[in-house]
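Here is the file work-v5.cif (mmCIF, C-alpha atoms).
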data_target
loop_
_atom_site.group_PDB
_atom_site.id
_atom_site.type_symbol
_atom_site.label_atom_id
_atom_site.label_comp_id
_atom_site.auth_asym_id
_atom_site.auth_seq_id
_atom_site.Cartn_x
_atom_site.Cartn_y
_atom_site.Cartn_z
ATOM 1 C CA MET O 306 -63.687 -16.411 -2.867
ATOM 2 C CA VAL O 307 -65.359 -15.462 0.412
ATOM 3 C CA LEU O 308 -68.280 -17.583 1.550
ATOM 4 C CA LYS O 309 -70.878 -15.490 3.342
ATOM 5 C CA LEU O 310 -72.269 -16.646 6.691
ATOM 6 C CA THR O 311 -75.433 -16.105 8.688
ATOM 7 C CA ALA O 312 -75.072 -15.072 12.336
ATOM 8 C CA LYS O 313 -75.820 -18.641 13.477
ATOM 9 C CA GLN O 314 -73.265 -20.106 11.066
ATOM 10 C CA SER O 315 -70.708 -17.524 12.127
ATOM 11 C CA ALA O 316 -70.955 -18.600 15.761
ATOM 12 C CA LYS O 317 -70.529 -22.249 14.745
ATOM 13 C CA VAL O 318 -67.547 -21.420 12.512
ATOM 14 C CA ARG O 319 -65.785 -19.519 15.314
ATOM 15 C CA ALA O 320 -66.369 -22.387 17.752
ATOM 16 C CA LEU O 321 -65.091 -24.869 15.165
ATOM 17 C CA ALA O 322 -61.959 -22.789 14.565
ATOM 18 C CA ARG O 323 -61.207 -22.703 18.303
ATOM 19 C CA LYS O 324 -61.757 -26.456 18.736
ATOM 20 C CA LYS O 325 -60.508 -28.054 15.511
ATOM 21 C CA CYS O 326 -58.090 -25.787 13.657
ATOM 22 C CA CYS O 327 -54.500 -26.833 14.376
ATOM 23 C CA ASN O 328 -53.317 -23.362 13.347
ATOM 24 C CA CYS O 329 -55.523 -21.530 15.861
ATOM 25 C CA VAL O 330 -53.580 -21.419 19.116
ATOM 26 C CA GLY O 331 -54.697 -19.129 21.908
ATOM 27 C CA GLY O 332 -56.834 -17.173 19.453
ATOM 28 C CA ASN O 333 -53.878 -16.534 17.169
ATOM 29 C CA CYS O 334 -53.085 -17.983 13.750
ATOM 30 C CA LEU O 335 -49.805 -19.846 13.371
ATOM 31 C CA LEU O 336 -49.976 -19.529 9.564
ATOM 32 C CA LEU O 337 -50.054 -15.733 9.767
ATOM 33 C CA ASP O 338 -47.429 -15.505 12.521
ATOM 34 C CA ASN O 339 -44.399 -13.827 11.016
ATOM 35 C CA GLY O 340 -42.594 -13.165 14.266
ATOM 36 C CA GLU O 341 -45.610 -11.414 15.763
ATOM 37 C CA GLU O 342 -48.799 -12.932 17.088
ATOM 38 C CA THR O 343 -51.681 -12.397 14.672
ATOM 39 C CA LYS O 344 -55.343 -12.939 15.531
ATOM 40 C CA CYS O 345 -57.101 -15.818 13.827
ATOM 41 C CA VAL O 346 -59.096 -14.373 10.943
ATOM 42 C CA GLN O 347 -62.009 -16.755 11.538
ATOM 43 C CA LEU O 348 -62.323 -15.712 15.176
ATOM 44 C CA ILE O 349 -62.685 -12.036 14.321
ATOM 45 C CA SER O 350 -64.777 -12.517 11.190
ATOM 46 C CA ARG O 351 -68.546 -12.287 11.539
ATOM 47 C CA TYR O 352 -69.702 -12.345 7.931
ATOM 48 C CA GLY O 353 -67.674 -14.875 5.998
ATOM 49 C CA VAL O 354 -65.102 -17.622 5.706
ATOM 50 C CA TYR O 355 -61.856 -15.829 4.882
ATOM 51 C CA CYS O 356 -59.226 -18.440 5.745
ATOM 52 C CA ASN O 357 -58.448 -20.865 2.909
ATOM 53 C CA TYR O 358 -56.880 -23.371 5.293
ATOM 54 C CA PHE O 359 -60.032 -23.393 7.428
ATOM 55 C CA LEU O 360 -62.236 -23.664 4.342
ATOM 56 C CA ASN O 361 -60.318 -26.581 2.841
ATOM 57 C CA ALA O 362 -59.055 -28.510 5.868
ATOM 58 C CA VAL O 363 -61.348 -27.841 8.831
ATOM 59 C CA LEU O 364 -64.840 -26.914 7.653
ATOM 60 C CA PRO O 365 -65.420 -30.047 5.496
ATOM 61 C CA ALA O 366 -65.212 -32.180 8.648
ATOM 62 C CA GLU O 367 -68.523 -30.631 9.758
ATOM 63 C CA LYS O 368 -70.523 -31.957 6.815
ATOM 64 C CA GLU O 369 -73.889 -30.403 7.699
ATOM 65 C CA LEU O 370 -72.519 -26.908 8.364
ATOM 66 C CA TYR O 371 -70.242 -27.114 5.315
ATOM 67 C CA GLY O 372 -73.131 -28.203 3.080
ATOM 68 C CA ASP O 373 -75.407 -25.459 4.388
ATOM 69 C CA ILE O 374 -72.778 -22.802 3.726
ATOM 70 C CA LEU O 375 -72.073 -24.096 0.210
ATOM 71 C CA ARG O 376 -75.786 -24.268 -0.688
ATOM 72 C CA GLN O 377 -76.419 -20.805 0.674
ATOM 73 C CA ASN O 378 -73.532 -19.423 -1.383
ATOM 74 C CA LYS O 379 -74.531 -21.490 -4.437
ATOM 75 C CA THR O 380 -71.102 -22.986 -4.895
ATOM 76 C CA GLY O 381 -69.929 -26.493 -5.580
ATOM 77 C CA HIS O 382 -66.566 -25.815 -3.937
#

Can you dump the structure from the file as structure tokens?
Amino acid sequence: MVLKLTAKQSAKVRALARKKCCNCVGGNCLLLDNGEETKCVQLISRYGVYCNYFLNAVLPAEKELYGDILRQNKTGH
């Protein structure tokens, strides 16, 4: 499931991915690296949360942003 984001939330999510995601290194995603550098999905995404690792392991640490996104998407994730 993709959680949709507003423009303001999107900027916060990208900043959070850069700062807090252990898999985002130099703008690339270690989880998607299969011998070739691959851009972090959350850094290039503008409209939603597409990375399950980010959704489950990083985003919940920012309780207010996480809650806003869940309420907006009407999910109890």

Original post:
Mind telling me what the PyMOL selection byres ((chain O and resi 321) around 10) catches here, as a ChimeraX atom specification?
Top reply: /O:315-320,322-326,347-348,359,363-364,366-367

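Nearest residue to O:Cys327 among O:Glu341, O:Gln314, O:Gly353, O:Tyr358 is O:Tyr358, counting all atoms listed in the file.
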
Subject >> Atom pair atom CA of O:Asp373 / atom CA of O:Gly331: separation (Å) >> reply: 27.9 Å

Original post:
Expanded to explicit residues, what is the PyMOL selection byres ((chain O and resi 309-311) around 7) for this file, as an MDAnalysis selection string?
Top reply: chainID O and resid 307:308 312:315 352:354 374 378

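Atom pair atom CA of O:Arg376 / atom CA of O:Ala362 has a distance of 18.5 Å (rounded to one decimal).
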
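If you measure from each of O:Lys344, O:Gly332, O:Met306, O:Asn339 to O:Leu360 using all atoms listed in the file, the closest one turns out to be O:Met306.
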
Subject >> Point-to-point distance in Å for atom CA of O:Val330 and atom CA of O:Glu369 >> reply: 25.0 Å
